[in-house]
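Take a look at the structure set out below.
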Amino acid sequence: MVFGWARVLGGRALAGPLPGEADVVVFCAGAAGIAAARRIAAANRKAIVVGASGQVGGRCQTDASTFDVPFDRGARWMHHPETNPMIRLARSAGLDIVTAPAGQKIRIGRRYARPGETEEFLAALVRANRAIDDASRKADIACAAVMPKDLGDWAGTAEFLLGASFSGKDLKDLSAVDKVRAQDRNTAIACRQGLGALIAKLGLGSYDRIALEIPGNPLGLSHDDVIIEQSNSTRTALLYGN
């Protein structure tokens with residue numbers, strides 16, 4: 001499996017050099033494209049994976065440098081650990097799988113919600129979900145159109161959790177039928193090192209260029225010198241110097 005990158009600027013497609021021969025070209029460097037390329041490689045075929053950005057992972061991108069812990073900028077959670085193949089792949093790659101915290105705290109202004117207020121909020125969520133479920137059995141309609149009108153101070157919070165937080169869409173843009181069909185997720189599972197890190201690790205190879213500026217030319221390099229260093233492991237690199 002070989003990765004290449006292509007991007008479009010001003011209507012022109014720019015791409016790095018790719019091998020001239022391949023059995024299959026996969027136009028996706030996200031989870032789906034990597035899964036397809038792994039299946040192709042398992043069948044003893046050569047695949048080239050072409051992505052529209054300069055990194056593997058698609059919408060799964062882990063930032064491991066800004067903070068003291070990995071931060072997933074895109075997708076984060078996985079579900080159904082009993083059957084999800086990603087769980088097994090993560091563990092075989094030496095990455096840690098953790099369960100999302102079960103408890104949730106609710107803030108009201110500058111304080112945490114009291115027990116009675118938490119019960120009110122949970123009851124509002126149950127009523128809103130029930131209204132969407134009931135509507136989905138009759139017709140396909142926007143979730144926002146069937147939300148209870150008497151949720152009071154919890155209306156906005158309930159709409160956020162059921163809409164944007166759940167699917168990345170506001171309830172006015174979310175189908176009641178689709179919402180109900182998508183609700184069969186069980187315990188949320190995460191990769192401690194980041195879902196983006198897991199997706200990138202599953203891409204069976206990479207070609208990374210690291211630029212180093214060394215003042216004074218201590219290695220005595222000429223233009224376009226290629227330096228190969230003897231190493232006792234595969235943790236090395238080829239130096240292309242100028």
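Starting from 1 in every chain, residues are counted up; chains themselves are A, B, ... following the order of the structure tokens, and ligands are numbered from 1 as listed.
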
Could you name the residues that touch stretch 146-158 of chain A at 8 Å or less, counting only C-alpha atoms, but leaving out those on the same chain fewer than 2 positions away, as a PyMOL selection string?
-> chain A and resi 121+124-125+127-128+131-132+135+142-144+160-162

Save the residues we just selected, all heavy atoms, as a compact mmCIF listing (two decimals), in the first residue's frame?
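Below is the file out-v5.txt, written as the result:
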```txt
# COMPACT_ATOMS: atom_id res chain seq x y z
N PHE A 121 -33.91 17.88 33.79
CA PHE A 121 -33.23 17.83 32.49
C PHE A 121 -33.34 16.46 31.85
O PHE A 121 -33.65 16.33 30.66
CB PHE A 121 -31.76 18.21 32.68
CG PHE A 121 -30.92 17.99 31.45
CD1 PHE A 121 -31.22 18.65 30.27
CD2 PHE A 121 -29.85 17.12 31.47
CE1 PHE A 121 -30.46 18.44 29.13
CE2 PHE A 121 -29.09 16.91 30.35
CZ PHE A 121 -29.38 17.57 29.17
N ALA A 124 -36.70 15.97 30.50
CA ALA A 124 -36.89 16.70 29.25
C ALA A 124 -36.30 15.93 28.07
O ALA A 124 -36.90 15.87 26.99
CB ALA A 124 -36.25 18.08 29.37
N LEU A 125 -35.12 15.33 28.27
CA LEU A 125 -34.52 14.53 27.21
C LEU A 125 -35.38 13.33 26.85
O LEU A 125 -35.57 13.02 25.66
CB LEU A 125 -33.13 14.04 27.65
CG LEU A 125 -31.96 15.00 27.53
CD1 LEU A 125 -30.68 14.32 27.99
CD2 LEU A 125 -31.80 15.50 26.10
N ARG A 127 -38.65 13.01 27.21
CA ARG A 127 -39.84 13.47 26.51
C ARG A 127 -39.54 13.86 25.07
O ARG A 127 -40.31 13.55 24.15
CB ARG A 127 -40.46 14.64 27.26
CG ARG A 127 -41.06 14.27 28.62
CD ARG A 127 -41.64 15.49 29.30
NE ARG A 127 -42.59 16.14 28.44
CZ ARG A 127 -42.78 17.47 28.39
NH1 ARG A 127 -42.05 18.26 29.16
NH2 ARG A 127 -43.69 17.98 27.59
N ALA A 128 -38.40 14.53 24.85
CA ALA A 128 -38.03 14.93 23.50
C ALA A 128 -37.75 13.72 22.62
O ALA A 128 -38.19 13.64 21.47
CB ALA A 128 -36.82 15.86 23.55
N ALA A 131 -40.99 12.02 21.69
CA ALA A 131 -41.72 12.75 20.66
C ALA A 131 -41.14 12.48 19.28
O ALA A 131 -41.88 12.31 18.29
CB ALA A 131 -41.68 14.25 20.97
N ILE A 132 -39.82 12.41 19.18
CA ILE A 132 -39.18 12.12 17.89
C ILE A 132 -39.48 10.68 17.47
O ILE A 132 -39.77 10.40 16.29
CB ILE A 132 -37.66 12.37 17.99
CG1 ILE A 132 -37.39 13.86 18.21
CG2 ILE A 132 -36.94 11.87 16.74
CD1 ILE A 132 -35.94 14.18 18.52
N ALA A 135 -43.08 10.48 16.19
CA ALA A 135 -43.24 11.12 14.89
C ALA A 135 -42.66 10.28 13.77
O ALA A 135 -43.20 10.23 12.66
CB ALA A 135 -42.57 12.50 14.90
N ALA A 142 -38.73 16.80 10.09
CA ALA A 142 -37.60 17.33 10.84
C ALA A 142 -37.83 17.17 12.34
O ALA A 142 -38.94 17.41 12.83
CB ALA A 142 -37.37 18.80 10.49
N CYS A 143 -36.79 16.79 13.05
CA CYS A 143 -36.92 16.57 14.50
C CYS A 143 -37.39 17.83 15.22
O CYS A 143 -38.16 17.75 16.18
CB CYS A 143 -35.58 16.12 15.08
SG CYS A 143 -35.04 14.49 14.53
N ALA A 144 -36.91 18.98 14.78
CA ALA A 144 -37.28 20.23 15.45
C ALA A 144 -38.77 20.48 15.43
O ALA A 144 -39.32 21.09 16.35
CB ALA A 144 -36.53 21.40 14.81
N PHE A 160 -29.58 20.76 21.64
CA PHE A 160 -28.15 20.61 21.31
C PHE A 160 -27.70 19.16 21.46
O PHE A 160 -27.02 18.61 20.58
CB PHE A 160 -27.31 21.50 22.22
CG PHE A 160 -25.85 21.16 22.17
CD1 PHE A 160 -25.08 21.51 21.07
CD2 PHE A 160 -25.25 20.47 23.21
CE1 PHE A 160 -23.73 21.18 21.02
CE2 PHE A 160 -23.91 20.12 23.16
CZ PHE A 160 -23.14 20.48 22.07
N LEU A 161 -28.06 18.53 22.57
CA LEU A 161 -27.59 17.16 22.81
C LEU A 161 -28.17 16.18 21.80
O LEU A 161 -27.48 15.27 21.34
CB LEU A 161 -27.97 16.73 24.23
CG LEU A 161 -27.05 17.25 25.34
CD1 LEU A 161 -27.55 16.76 26.69
CD2 LEU A 161 -25.62 16.78 25.14
N LEU A 162 -29.44 16.36 21.45
CA LEU A 162 -30.08 15.44 20.51
C LEU A 162 -29.71 15.75 19.06
O LEU A 162 -29.81 14.88 18.20
CB LEU A 162 -31.59 15.50 20.68
CG LEU A 162 -32.13 15.08 22.05
CD1 LEU A 162 -33.65 15.23 22.10
CD2 LEU A 162 -31.74 13.64 22.36
```

Which residues of stretch 125-225 of chain A come within 10 Å of stretch 25-41 of chain A, and for each one, what is the closest pair of atoms and their distance in Å to one decimal, counting only C-alpha atoms, sorted by chain and residue number, as JSON lines?
```
{"residue": "A:Gly196", "atom": "CA", "partner": "A:Ala31", "partner_atom": "CA", "distance": 9.3}
{"residue": "A:Leu198", "atom": "CA", "partner": "A:Ala31", "partner_atom": "CA", "distance": 9.7}
{"residue": "A:Ile199", "atom": "CA", "partner": "A:Ala31", "partner_atom": "CA", "distance": 6.2}
{"residue": "A:Ala200", "atom": "CA", "partner": "A:Gly30", "partner_atom": "CA", "distance": 8.5}
{"residue": "A:Leu202", "atom": "CA", "partner": "A:Ile34", "partner_atom": "CA", "distance": 7.2}
{"residue": "A:Gly203", "atom": "CA", "partner": "A:Ile34", "partner_atom": "CA", "distance": 5.8}
{"residue": "A:Leu204", "atom": "CA", "partner": "A:Arg38", "partner_atom": "CA", "distance": 7.5}
```

Name all residues at most 9 Å from A:Leu195 (count only C-alpha atoms; drop same-chain ones fewer than 4 positions away) and give them as a list of chain:residue names.
->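 Near neighbours after the sequence-gap exclusion: A:Gly57, A:Cys60, A:Gln61, A:Thr62, A:Asp72, A:Gly74, A:Ala75, A:Arg76, A:Trp77, A:Met78, A:Ala190, A:Cys191, A:Ile199, A:Ala200.
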
Using DSSP on the backbone coordinates, identify the residues of stretch 10-91 of chain A assigned to strand (DSSP E); present them as a list in words.
->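 The strand (DSSP E) subset of stretch 10-91 of chain A is Arg12, Ala13, Leu14, Ala15, Val24, Val25, Val26, Ala47, Ile48, Val49, Val50, Gly51, Thr62, Asp63, Phe71 and Asp72 of chain A.
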
Shell around A:Val69 at 10 Å using only C-alpha atoms, local window under 4 positions removed, as JSON, numbers by chain = {"A": [63, 64, 65, 192, 193, 194]}

For the atom pair atom CA of A:Ala47 and atom CA of A:Ala90, what is the interatomic distance in Å to one decimal place?
->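 Computing it gives 22.2 Å between the two atoms.
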
Å distance separating atom CA of A:Arg130 from atom CA of A:Lys172, one decimal place =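 The value is 16.8 Å.
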
Within stretch 86-183 of chain A, find each residue whose DSSP state, derived from the backbone, is alpha helix (DSSP H), and express the selection as a tab-separated table (two decimals) with N, CA, C and O atoms, in the first residue's frame.
```
chain	number	residue	atom	x	y	z
A	86	MET	N	-12.47	-2.38	14.71
A	86	MET	CA	-11.47	-1.38	15.06
A	86	MET	C	-10.89	-1.62	16.45
A	86	MET	O	-9.73	-1.29	16.71
A	87	ILE	N	-11.69	-2.19	17.35
A	87	ILE	CA	-11.22	-2.45	18.70
A	87	ILE	C	-10.07	-3.46	18.66
A	87	ILE	O	-9.02	-3.27	19.29
A	88	ARG	N	-10.29	-4.54	17.92
A	88	ARG	CA	-9.24	-5.57	17.81
A	88	ARG	C	-8.00	-5.01	17.13
A	88	ARG	O	-6.87	-5.27	17.55
A	89	LEU	N	-8.19	-4.22	16.08
A	89	LEU	CA	-7.05	-3.65	15.36
A	89	LEU	C	-6.26	-2.70	16.25
A	89	LEU	O	-5.04	-2.65	16.19
A	90	ALA	N	-6.97	-1.93	17.07
A	90	ALA	CA	-6.29	-0.99	17.96
A	90	ALA	C	-5.42	-1.74	18.96
A	90	ALA	O	-4.26	-1.37	19.20
A	91	ARG	N	-5.97	-2.79	19.53
A	91	ARG	CA	-5.21	-3.55	20.52
A	91	ARG	C	-4.02	-4.26	19.89
A	91	ARG	O	-2.94	-4.33	20.48
A	92	SER	N	-4.21	-4.78	18.68
A	92	SER	CA	-3.09	-5.45	18.01
A	92	SER	C	-2.01	-4.46	17.61
A	92	SER	O	-0.84	-4.84	17.44
A	115	PRO	N	-29.75	18.04	42.40
A	115	PRO	CA	-30.37	16.77	41.99
A	115	PRO	C	-31.72	16.94	41.32
A	115	PRO	O	-32.00	16.30	40.31
A	116	GLY	N	-32.57	17.80	41.86
A	116	GLY	CA	-33.89	18.01	41.26
A	116	GLY	C	-33.80	18.60	39.87
A	116	GLY	O	-34.58	18.25	38.98
A	117	GLU	N	-32.85	19.50	39.64
A	117	GLU	CA	-32.67	20.11	38.33
A	117	GLU	C	-32.14	19.09	37.32
A	117	GLU	O	-32.52	19.09	36.15
A	118	THR	N	-31.25	18.22	37.80
A	118	THR	CA	-30.75	17.16	36.92
A	118	THR	C	-31.88	16.24	36.48
A	118	THR	O	-31.97	15.84	35.31
A	119	GLU	N	-32.78	15.92	37.42
A	119	GLU	CA	-33.93	15.08	37.08
A	119	GLU	C	-34.83	15.76	36.06
A	119	GLU	O	-35.36	15.12	35.14
A	120	GLU	N	-35.02	17.07	36.20
A	120	GLU	CA	-35.83	17.82	35.23
A	120	GLU	C	-35.22	17.74	33.83
A	120	GLU	O	-35.92	17.54	32.84
A	121	PHE	N	-33.91	17.88	33.79
A	121	PHE	CA	-33.23	17.83	32.49
A	121	PHE	C	-33.34	16.46	31.85
A	121	PHE	O	-33.65	16.33	30.66
A	122	LEU	N	-33.10	15.41	32.63
A	122	LEU	CA	-33.20	14.06	32.09
A	122	LEU	C	-34.62	13.75	31.64
A	122	LEU	O	-34.82	13.10	30.61
A	123	ALA	N	-35.60	14.25	32.39
A	123	ALA	CA	-37.00	14.05	31.99
A	123	ALA	C	-37.29	14.77	30.67
A	123	ALA	O	-38.02	14.26	29.81
A	124	ALA	N	-36.70	15.97	30.50
A	124	ALA	CA	-36.89	16.70	29.25
A	124	ALA	C	-36.30	15.93	28.07
A	124	ALA	O	-36.90	15.87	26.99
A	125	LEU	N	-35.12	15.33	28.27
A	125	LEU	CA	-34.52	14.53	27.21
A	125	LEU	C	-35.38	13.33	26.85
A	125	LEU	O	-35.57	13.02	25.66
A	126	VAL	N	-35.93	12.66	27.86
A	126	VAL	CA	-36.78	11.49	27.62
A	126	VAL	C	-38.02	11.91	26.82
A	126	VAL	O	-38.41	11.24	25.85
A	127	ARG	N	-38.65	13.01	27.21
A	127	ARG	CA	-39.84	13.47	26.51
A	127	ARG	C	-39.54	13.86	25.07
A	127	ARG	O	-40.31	13.55	24.15
A	128	ALA	N	-38.40	14.53	24.85
A	128	ALA	CA	-38.03	14.93	23.50
A	128	ALA	C	-37.75	13.72	22.62
A	128	ALA	O	-38.19	13.64	21.47
A	129	ASN	N	-37.01	12.75	23.16
A	129	ASN	CA	-36.72	11.53	22.41
A	129	ASN	C	-38.00	10.78	22.07
A	129	ASN	O	-38.16	10.26	20.96
A	130	ARG	N	-38.92	10.71	23.03
A	130	ARG	CA	-40.18	10.01	22.80
A	130	ARG	C	-40.99	10.69	21.71
A	130	ARG	O	-41.59	10.02	20.86
A	131	ALA	N	-40.99	12.02	21.69
A	131	ALA	CA	-41.72	12.75	20.66
A	131	ALA	C	-41.14	12.48	19.28
A	131	ALA	O	-41.88	12.31	18.29
A	132	ILE	N	-39.82	12.41	19.18
A	132	ILE	CA	-39.18	12.12	17.89
A	132	ILE	C	-39.48	10.68	17.47
A	132	ILE	O	-39.77	10.40	16.29
A	133	ASP	N	-39.41	9.74	18.41
A	133	ASP	CA	-39.74	8.34	18.12
A	133	ASP	C	-41.16	8.21	17.59
A	133	ASP	O	-41.41	7.52	16.58
A	134	ASP	N	-42.11	8.85	18.27
A	134	ASP	CA	-43.52	8.77	17.86
A	134	ASP	C	-43.72	9.35	16.46
A	134	ASP	O	-44.45	8.78	15.64
A	135	ALA	N	-43.08	10.48	16.19
A	135	ALA	CA	-43.24	11.12	14.89
A	135	ALA	C	-42.66	10.28	13.77
A	135	ALA	O	-43.20	10.23	12.66
A	136	SER	N	-41.55	9.57	14.04
A	136	SER	CA	-40.89	8.79	12.99
A	136	SER	C	-41.76	7.63	12.51
A	136	SER	O	-41.57	7.13	11.40
A	155	ALA	N	-34.94	23.52	26.96
A	155	ALA	CA	-35.21	23.30	25.54
A	155	ALA	C	-33.94	23.39	24.70
A	155	ALA	O	-33.66	22.51	23.87
A	156	GLY	N	-33.16	24.45	24.89
A	156	GLY	CA	-31.95	24.61	24.08
A	156	GLY	C	-30.92	23.53	24.33
A	156	GLY	O	-30.29	23.02	23.40
A	157	THR	N	-30.77	23.16	25.60
A	157	THR	CA	-29.79	22.12	25.94
A	157	THR	C	-30.20	20.78	25.35
A	157	THR	O	-29.37	20.04	24.81
A	158	ALA	N	-31.48	20.45	25.47
A	158	ALA	CA	-31.98	19.19	24.91
A	158	ALA	C	-31.79	19.16	23.40
A	158	ALA	O	-31.38	18.15	22.83
A	159	GLU	N	-32.09	20.29	22.75
A	159	GLU	CA	-31.95	20.33	21.29
A	159	GLU	C	-30.49	20.17	20.87
A	159	GLU	O	-30.19	19.51	19.88
A	160	PHE	N	-29.58	20.76	21.64
A	160	PHE	CA	-28.15	20.61	21.31
A	160	PHE	C	-27.70	19.16	21.46
A	160	PHE	O	-27.02	18.61	20.58
A	161	LEU	N	-28.06	18.53	22.57
A	161	LEU	CA	-27.59	17.16	22.81
A	161	LEU	C	-28.17	16.18	21.80
A	161	LEU	O	-27.48	15.27	21.34
A	162	LEU	N	-29.44	16.36	21.45
A	162	LEU	CA	-30.08	15.44	20.51
A	162	LEU	C	-29.71	15.75	19.06
A	162	LEU	O	-29.81	14.88	18.20
A	164	ALA	N	-26.93	18.69	17.41
A	164	ALA	CA	-25.54	18.95	17.05
A	164	ALA	C	-24.56	18.02	17.76
A	164	ALA	O	-23.61	17.52	17.15
A	165	SER	N	-24.76	17.78	19.05
A	165	SER	CA	-23.84	16.91	19.78
A	165	SER	C	-23.91	15.47	19.31
A	165	SER	O	-22.91	14.75	19.32
A	166	PHE	N	-25.09	15.05	18.88
A	166	PHE	CA	-25.29	13.65	18.47
A	166	PHE	C	-24.84	13.40	17.04
A	166	PHE	O	-24.19	12.40	16.75
A	167	SER	N	-25.17	14.33	16.14
A	167	SER	CA	-24.94	14.06	14.73
A	167	SER	C	-24.22	15.17	13.97
A	167	SER	O	-23.95	15.02	12.78
A	176	ALA	N	-36.36	12.81	11.48
A	176	ALA	CA	-36.80	12.02	12.63
A	176	ALA	C	-36.55	10.53	12.40
A	176	ALA	O	-36.13	9.81	13.31
A	177	VAL	N	-36.79	10.06	11.18
A	177	VAL	CA	-36.56	8.65	10.86
A	177	VAL	C	-35.08	8.31	10.97
A	177	VAL	O	-34.70	7.29	11.56
A	178	ASP	N	-34.21	9.17	10.42
A	178	ASP	CA	-32.77	8.91	10.51
A	178	ASP	C	-32.29	8.95	11.96
A	178	ASP	O	-31.44	8.17	12.36
A	179	LYS	N	-32.83	9.88	12.73
A	179	LYS	CA	-32.44	9.99	14.14
A	179	LYS	C	-32.76	8.72	14.90
A	179	LYS	O	-31.93	8.20	15.66
A	180	VAL	N	-33.95	8.19	14.69
A	180	VAL	CA	-34.35	6.97	15.40
A	180	VAL	C	-33.51	5.78	14.95
A	180	VAL	O	-33.08	4.96	15.77
A	181	ARG	N	-33.24	5.68	13.67
A	181	ARG	CA	-32.44	4.57	13.16
A	181	ARG	C	-31.00	4.61	13.67
A	181	ARG	O	-30.34	3.58	13.76
```

Quick one, how far is atom CA of A:Ile189 from atom CA of A:Asn84?
->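 Result for atom CA of A:Ile189 versus atom CA of A:Asn84: 10.1 Å, one decimal.
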
From the list A:Ala145, A:Arg73, A:Lys105, A:Val24, which residue is nearest A:Asp170 when using only C-alpha atoms?
-> A:Ala145
